[in-house]
Each structure stands twice: as structure tokens, then as C-alpha cells.
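Take a look at the structure below.
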Amino acid sequence: MGTVAERLRELGITLPARRSYGKYAGAVRAGNLVFVSGAGPIGADGAVTGKVGGDVDIGVAQAAARLCVINCLSALQEEIGELEEVGRVVKLLGFVNSAPGFNDQHAVMDGASSLLLDLFGERGKHARSSVGMAELPMNIAVEVEMIVEVAP
């Protein structure tokens, strides 16, 4: 499977510099666990915004969830140094800015989960919750946070 860095290169992913939109840490380590703050789908071309199931379709929202994970990985790498230190991804929590009646939040979050499995293999298999929200900061379409176990 190769290293995580090799898999990132194969997938054409460059981790961006972490951005902060408030007075908080991007990630905090407590023992062997790292709690990664919620990250939005903000890339070089701007943010993916809007209501999923309204002005944002599921395919775009899945790509947005994937971008959220890329931003989470940037904060994680900043905290731990090398992503090879990840023992396993423990938990993923996804918030989906949902239009009234939209109830496929789980399908949106598959975009995030798939990337973690592609990068980490079995170490990327995680517990997950996907919830619909009436609003998200800056009208972003998706926000993802994660908990990761790292080597001591």
C-alpha cells in the first residue's frame, strides 16, 4: 500500500497550510489521542457553500467532505509531525448543512470516509456519526472533525 505520504502523492493531494477562523487549536493531543477541530471544505478555489439537498447536490457535498478531511489531515500533521504516526482513525463526526427534508447525510460523509480508507487502509476504518444541521459557519456545506490514535 505504501506510506501515507506516497498515497497522498498518488492521489494528487497536497496538504494545505492550516487556516484558523477563530481562537482555537487545529488539533490537541491528549495522551495517544488527537482531537482534530472541525474543518470546512475550504480550498484554493474558495469554500463549498450552501444547503446540501438544495443548492448543493450529493456529489459536490461528498467532494466537500473529502476536502474537509484533507484540511483535518493538515491540522493533524501539524500536531504530530508525520501521518505515519497514525495508529488508527478512531472517530469521524460530520455536520451537513442540510436543506429541509434532506436525510442522506450518511451518503455525504462517505466522501470523507473513503479518503481515510484509501490513505490508511485498515487503520483508516473508523466509527462515524453524520448529522444534519440547519446552519454551519460561513454557510459551508459540510464540516468534519476527527479523533485519531497515534503512537505513544
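Ligands are numbered from 1 in the order shown, residues from 1 within each chain, and chains are lettered A, B, ... in the order they appear in the C-alpha cells.
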
Q: Extract, using only C-alpha atoms, all DNA, RNA and protein residues at most 8 Å from Val4 (chain A), discarding same-chain residues fewer than 5 positions from it, and format them as an NGL selection string.
A: :A and (83-84 or 119-120)

With a distance cut-off of 8 Å and only C-alpha atoms, select the neighbouring residues of region 134-140 of chain A, excluding the residue or stretch itself and same-chain residues fewer than 6 positions from it, and output the selection as a compact mmCIF listing (two decimals) with C-alpha atoms, in the first residue's frame.
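The result, written out as part.txt:
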```txt
# COMPACT_ATOMS: atom_id res chain seq x y z
CA GLY A 40 -14.66 23.07 6.45
CA PRO A 41 -14.43 22.49 2.71
CA ALA A 47 -15.24 27.32 0.03
CA VAL A 48 -18.04 24.94 -0.91
CA THR A 49 -21.11 26.69 0.47
CA GLY A 50 -24.84 26.19 0.53
CA LYS A 51 -27.52 23.73 1.58
CA VAL A 96 -24.00 18.59 6.87
CA ASN A 97 -25.67 21.95 6.15
CA SER A 98 -28.97 20.36 5.14
CA ALA A 99 -31.91 21.71 3.18
```

I need the helix (DSSP H, G or I) residues of chain A per DSSP on the backbone, written as an mmCIF file with C-alpha atoms, in the first residue's frame.
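Dumped to part14.cif:
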```
data_model
loop_
_atom_site.group_PDB
_atom_site.id
_atom_site.type_symbol
_atom_site.label_atom_id
_atom_site.label_comp_id
_atom_site.auth_asym_id
_atom_site.auth_seq_id
_atom_site.Cartn_x
_atom_site.Cartn_y
_atom_site.Cartn_z
ATOM 1 C CA VAL A 4 0.579 7.786 3.673
ATOM 2 C CA ALA A 5 2.806 10.403 2.022
ATOM 3 C CA GLU A 6 3.136 8.177 -1.059
ATOM 4 C CA ARG A 7 -0.626 7.610 -1.181
ATOM 5 C CA LEU A 8 -1.233 11.371 -0.934
ATOM 6 C CA ARG A 9 1.115 11.925 -3.885
ATOM 7 C CA GLU A 10 -0.558 9.131 -5.893
ATOM 8 C CA ILE A 58 -24.723 14.919 -3.058
ATOM 9 C CA GLY A 59 -21.732 14.505 -5.402
ATOM 10 C CA VAL A 60 -20.480 18.025 -4.703
ATOM 11 C CA ALA A 61 -21.125 17.511 -0.981
ATOM 12 C CA GLN A 62 -19.132 14.248 -0.992
ATOM 13 C CA ALA A 63 -16.207 16.088 -2.600
ATOM 14 C CA ALA A 64 -16.629 18.807 0.050
ATOM 15 C CA ALA A 65 -16.475 16.195 2.846
ATOM 16 C CA ARG A 66 -13.293 14.816 1.257
ATOM 17 C CA LEU A 67 -11.809 18.334 1.245
ATOM 18 C CA CYS A 68 -12.744 18.686 4.919
ATOM 19 C CA VAL A 69 -10.700 15.560 5.690
ATOM 20 C CA ILE A 70 -7.747 16.956 3.742
ATOM 21 C CA ASN A 71 -7.926 20.059 5.938
ATOM 22 C CA CYS A 72 -8.214 17.886 9.066
ATOM 23 C CA LEU A 73 -5.123 15.943 7.987
ATOM 24 C CA SER A 74 -3.237 19.213 7.615
ATOM 25 C CA ALA A 75 -4.024 20.126 11.241
ATOM 26 C CA LEU A 76 -3.208 16.577 12.363
ATOM 27 C CA GLN A 77 0.154 16.616 10.594
ATOM 28 C CA GLU A 78 0.950 19.989 12.156
ATOM 29 C CA GLU A 79 0.281 18.468 15.597
ATOM 30 C CA ILE A 80 2.046 15.088 15.245
ATOM 31 C CA LEU A 83 0.958 10.994 9.326
ATOM 32 C CA GLU A 84 2.662 7.582 9.526
ATOM 33 C CA GLU A 85 2.332 8.019 13.305
ATOM 34 C CA GLN A 105 -26.094 12.920 5.462
ATOM 35 C CA HIS A 106 -24.531 9.453 5.676
ATOM 36 C CA ALA A 107 -24.011 9.411 1.888
ATOM 37 C CA VAL A 108 -22.305 12.819 2.035
ATOM 38 C CA MET A 109 -19.893 11.570 4.690
ATOM 39 C CA ASP A 110 -18.903 8.595 2.552
ATOM 40 C CA GLY A 111 -16.690 11.092 0.681
ATOM 41 C CA ALA A 112 -14.704 11.651 3.877
ATOM 42 C CA SER A 113 -14.616 8.005 4.933
ATOM 43 C CA SER A 114 -13.477 6.783 1.519
ATOM 44 C CA LEU A 115 -10.436 9.043 1.554
ATOM 45 C CA LEU A 116 -9.370 7.856 5.009
ATOM 46 C CA LEU A 117 -9.674 4.219 3.927
ATOM 47 C CA ASP A 118 -7.695 4.958 0.738
ATOM 48 C CA LEU A 119 -4.912 6.627 2.713
ATOM 49 C CA PHE A 120 -4.661 4.458 5.812
ATOM 50 C CA GLY A 121 -6.185 1.116 4.828
ATOM 51 C CA GLU A 122 -7.408 -0.784 7.903
ATOM 52 C CA ARG A 123 -6.002 1.987 10.134
ATOM 53 C CA GLY A 124 -8.496 4.323 8.464
ATOM 54 C CA PRO A 137 -20.325 28.738 9.954
ATOM 55 C CA MET A 138 -19.794 30.856 6.823
ATOM 56 C CA ASN A 139 -22.592 28.818 5.169
#
```

| query | So how far away is CA of Gly43 (chain A) from CA of Gly132 (chain A), in Å? | reply |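 The value is 22.3 Å.
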
(message) Between A:Val86, A:Met133, A:Lys125, A:Pro100, which residue has the minimum interatomic distance to Leu33 (chain A), considering only C-alpha atoms?
(response)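 Using only C-alpha atoms, Leu33 (chain A) sits closest to A:Val86.
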
- Task: Please give the complete set of residues from region 27-146 of chain A that DSSP, run on the backbone, assigns to strand (DSSP E), formatted as a PyMOL selection string.
- Result: chain A and resi 27-30+33-39+42-43+46-47+86-97+127-133+142-146

Could those residues be written to a file, using C-alpha atoms, as a tab-separated table (two decimals), in the first residue's frame?
```tsv
chain	number	residue	atom	x	y	z
A	27	ALA	CA	-5.68	19.77	16.91
A	28	VAL	CA	-5.00	18.88	20.53
A	29	ARG	CA	-3.17	15.79	21.72
A	30	ALA	CA	-4.24	14.10	24.96
A	33	LEU	CA	-5.45	10.54	21.16
A	34	VAL	CA	-5.52	13.61	18.93
A	35	PHE	CA	-8.75	15.58	18.71
A	36	VAL	CA	-8.87	17.46	15.40
A	37	SER	CA	-11.08	20.54	15.31
A	38	GLY	CA	-13.87	20.80	12.78
A	39	ALA	CA	-12.63	21.74	9.33
A	42	ILE	CA	-12.16	25.43	2.04
A	43	GLY	CA	-9.60	25.05	-0.71
A	46	GLY	CA	-12.64	29.11	-2.06
A	47	ALA	CA	-15.24	27.32	0.03
A	86	VAL	CA	-1.42	7.43	12.99
A	87	GLY	CA	-2.25	4.11	14.64
A	88	ARG	CA	-5.86	4.37	13.56
A	89	VAL	CA	-8.61	6.83	12.84
A	90	VAL	CA	-10.98	6.32	15.77
A	91	LYS	CA	-13.98	8.56	15.07
A	92	LEU	CA	-15.27	10.89	12.39
A	93	LEU	CA	-18.08	13.36	13.01
A	94	GLY	CA	-19.67	15.09	10.05
A	95	PHE	CA	-22.03	18.03	10.07
A	96	VAL	CA	-24.00	18.59	6.87
A	97	ASN	CA	-25.67	21.95	6.15
A	127	ALA	CA	-16.65	4.91	13.86
A	128	ARG	CA	-18.71	7.74	12.39
A	129	SER	CA	-21.66	9.99	13.02
A	130	SER	CA	-23.32	12.11	10.33
A	131	VAL	CA	-25.77	14.81	11.37
A	132	GLY	CA	-27.85	17.39	9.55
A	133	MET	CA	-27.58	20.99	10.64
A	142	VAL	CA	-20.02	20.34	5.36
A	143	GLU	CA	-17.79	20.34	8.44
A	144	VAL	CA	-15.78	17.34	9.67
A	145	GLU	CA	-13.90	16.66	12.88
A	146	MET	CA	-11.95	13.58	13.82
```

> So how many Å separate CA of Ile147 (chain A) and CA of Ala17 (chain A), to one decimal?
Replying inline: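 So the answer is 19.8 Å.
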
Between A:Ala25, A:Leu15, A:Glu82, A:Asn103, which is the closest to Gly53 (chain A) once you count only C-alpha atoms?
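Nearest to Gly53 (chain A): A:Asn103.
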
Among A:Gly2, A:Ala44, A:Asn32, A:Ala141, Pro16 (chain A) is approached most closely, using only C-alpha atoms, by A:Ala44

Of A:Gly101, A:Lys23, A:Gly81, A:Gly31, the one sitting nearest Val52 (chain A) when using only C-alpha atoms is A:Gly101

Between CA of Asp55 (chain A) and CA of Gly22 (chain A), what is the distance in Å, rounded to a tenth?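 Going from CA of Asp55 (chain A) over to CA of Gly22 (chain A), I get 26.9 Å.
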